[in-house]
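Presented below is the structure to which this report refers.
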Amino acid sequence: MDVVSQLQRQFLDFTTSLYREFVQLQKLQDESNPDFVIKVVSLFFEDSEKLLNNLATALQQHIVDYKQVDALVHQ
């Protein structure tokens, strides 16, 4: 399998997984909390932006603290 095919397969797997996760998230939404999905997705993006900024800062240090990088990556 060539590189392009591998990347296409990985992309398809990723999008399929993402769709399944989104469907599961929608199942948790009900009349008592109609904005549940919007709130969860918004929080995800806010947290992701902070984590990526922290990761970029950690990697730009003269001496990289790889334990810190590992912790950020796992979040």
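Ligands are numbered from 1 in the order shown, chains are lettered A, B, ... in the order of the structure tokens, and residues start at 1 in each chain.
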
- For Gln68 of chain A, please output as a PyMOL selection string all residues within 9 Å (counting only C-alpha atoms; exclusion window: fewer than 4 positions along the same chain). chain A and resi 55+58+64+72-73

Write out the residues from the selection above, keeping C-alpha atoms, as a CSV table (one decimal), in the first residue's frame.
chain,number,residue,atom,x,y,z
A,55,LEU,CA,2.7,22.6,24.2
A,58,ALA,CA,7.1,24.0,26.2
A,64,VAL,CA,12.8,21.1,26.8
A,72,LEU,CA,0.5,18.0,27.8
A,73,VAL,CA,0.3,15.5,24.9

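By only C-alpha atoms, and with residues fewer than 6 positions from Asn54 of chain A along its chain excluded, the set lying at most 12 Å from it is Asp47, Ser48, Gln60, Gln61, Gln68, Val69, Asp70, Ala71, Leu72, Val73 and Gln75 of chain A.
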
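Shortest separation to Val37 of chain A among A:Thr16, A:His74, A:Phe22, A:Asp2 occurs at residue A:Phe22, atoms counted being only C-alpha atoms.
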
- Just asking: which residues within chain A are alpha helix (DSSP H) according to DSSP, as a PyMOL selection string? chain A and resi 3-27+36-59+66-74

List the neighbours of segment 24-27 of chain A out to 10 Å using only C-alpha atoms; skip same-chain residues closer than 2 positions along the sequence, and give me the result as a tab-separated table (two decimals) with C-alpha atoms, in the first residue's frame.
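Okay, this is what ended up in result.tsv:
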chain	number	residue	atom	x	y	z
A	18	LEU	CA	-15.18	11.19	14.90
A	19	TYR	CA	-18.67	10.73	13.49
A	20	ARG	CA	-19.37	7.83	15.89
A	21	GLU	CA	-18.20	9.93	18.84
A	22	PHE	CA	-20.43	12.80	17.73
A	29	GLN	CA	-28.50	15.60	24.80
A	30	ASP	CA	-32.14	15.89	25.84
A	34	PRO	CA	-30.72	21.25	24.57
A	36	PHE	CA	-25.30	20.05	25.56
A	37	VAL	CA	-23.44	19.19	22.34
A	38	ILE	CA	-22.62	22.83	21.59
A	40	VAL	CA	-19.13	20.18	25.06
A	41	VAL	CA	-17.68	20.89	21.62
